[in-house]
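S.K.: I'd like to ask you about the structure that follows.
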Amino acid sequence: MTPNIFLIVGAALSAIAALLHICVIFGGPAWYRFFGAGERMARGAEAGHWYPPIVTLLIAGVLGVWAAYALSGAGVLQPLPLLAFVLPAITSVYLLRGLVAVVLFVFDRRRLSAFWVWSSAICFALGLVHLIGLVQVWETL
């Protein structure tokens with residue numbers, strides 16, 4: 001089987017997102033603010049609370065697992081458990097997260113910010129990349 005390029009790209013993008021989340025932890029409050037984590041997270045990081053780095057590390061871990069599942073679906077790694085269930089779930093989460101800006105635009109424009117627009121666009125693009133790859137490999141899962 002030839003590795004699926006769309007899922008490899010999706011894996012790479014998820015891995016980059018995971019690494020960025022780890023960089024945010026080390027970058028501190030200014031990075032939390034710059035990447036749109038919110039003032040509460042930035043203040044927590046300033047105060048040395050455990051919550052911001054733990055939550056950010058958990059997100060990085062999830063993104064890392066998602067990268068591994070995309071590589072598994074692409075045929076680069078051995079099949080991971082529940083691959084035929086998990087890969088569509090990951091794709092769905094990315095696509096649904098990508099629609100948040102649309103939902104905010106329709107229902108609560110006051111909360112719509114550049115962070116929601118950009119992060120939603122990125123997540124939706126990731127979801128589309130995963131979806132294309134998933135459709136291409138579905139018969140082999």
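The way I read the labels, and the way they are meant: chains A, B, ... in the order of the structure tokens, residue 1 as the first residue of every chain, and ligand 1 as the first ligand shown, with later ones counted on from there.
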Give me the residues near Ala17 in chain A as a list in words, where near means some atom within 9 Å (using only C-alpha atoms) and where sequence neighbours in that chain fewer than 6 positions away do not count.

M.R.: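 In the requested format, the answer is Ala60, Leu63 and Gly64 of chain A.
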
S.K.: Quick one: residues within 9 Å of Leu141 in chain A, only C-alpha atoms counted, chain neighbours fewer than 4 positions away excluded, as a list in words?

M.R.: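 Surrounding residues, per the criterion: Gly73, Pro79, Leu83, Ala84 and Val137 of chain A.
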
S.K.: Can you write out the residues you just picked, keeping N, CA and C atoms, as a PDB file, in the first residue's frame?

M.R.:
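The new file out.pdb reads:
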ATOM      1  N   GLY A  73      -3.328   5.512   9.817  1.00  0.00           N
ATOM      2  CA  GLY A  73      -4.291   5.451   8.719  1.00  0.00           C
ATOM      3  C   GLY A  73      -3.629   5.629   7.368  1.00  0.00           C
ATOM      4  N   PRO A  79      -1.304  -0.535  12.104  1.00  0.00           N
ATOM      5  CA  PRO A  79      -2.659  -0.130  12.507  1.00  0.00           C
ATOM      6  C   PRO A  79      -2.792  -0.010  14.020  1.00  0.00           C
ATOM      7  N   LEU A  83      -8.733   1.964  14.828  1.00  0.00           N
ATOM      8  CA  LEU A  83      -8.393   2.947  13.792  1.00  0.00           C
ATOM      9  C   LEU A  83      -9.601   3.367  12.961  1.00  0.00           C
ATOM     10  N   ALA A  84     -10.445   2.410  12.591  1.00  0.00           N
ATOM     11  CA  ALA A  84     -11.611   2.716  11.746  1.00  0.00           C
ATOM     12  C   ALA A  84     -12.657   3.544  12.484  1.00  0.00           C
ATOM     13  N   VAL A 137      -8.565   6.097   2.003  1.00  0.00           N
ATOM     14  CA  VAL A 137      -8.092   4.848   2.624  1.00  0.00           C
ATOM     15  C   VAL A 137      -9.193   4.033   3.267  1.00  0.00           C
TER      16      VAL A 137
END

S.K.: Please return as a ChimeraX atom specification: the residues of chain A that backbone DSSP assigns to alpha helix (DSSP H).

M.R.: /A:5-27,29-34,39-47,51-74,83-98,100-107,114-137
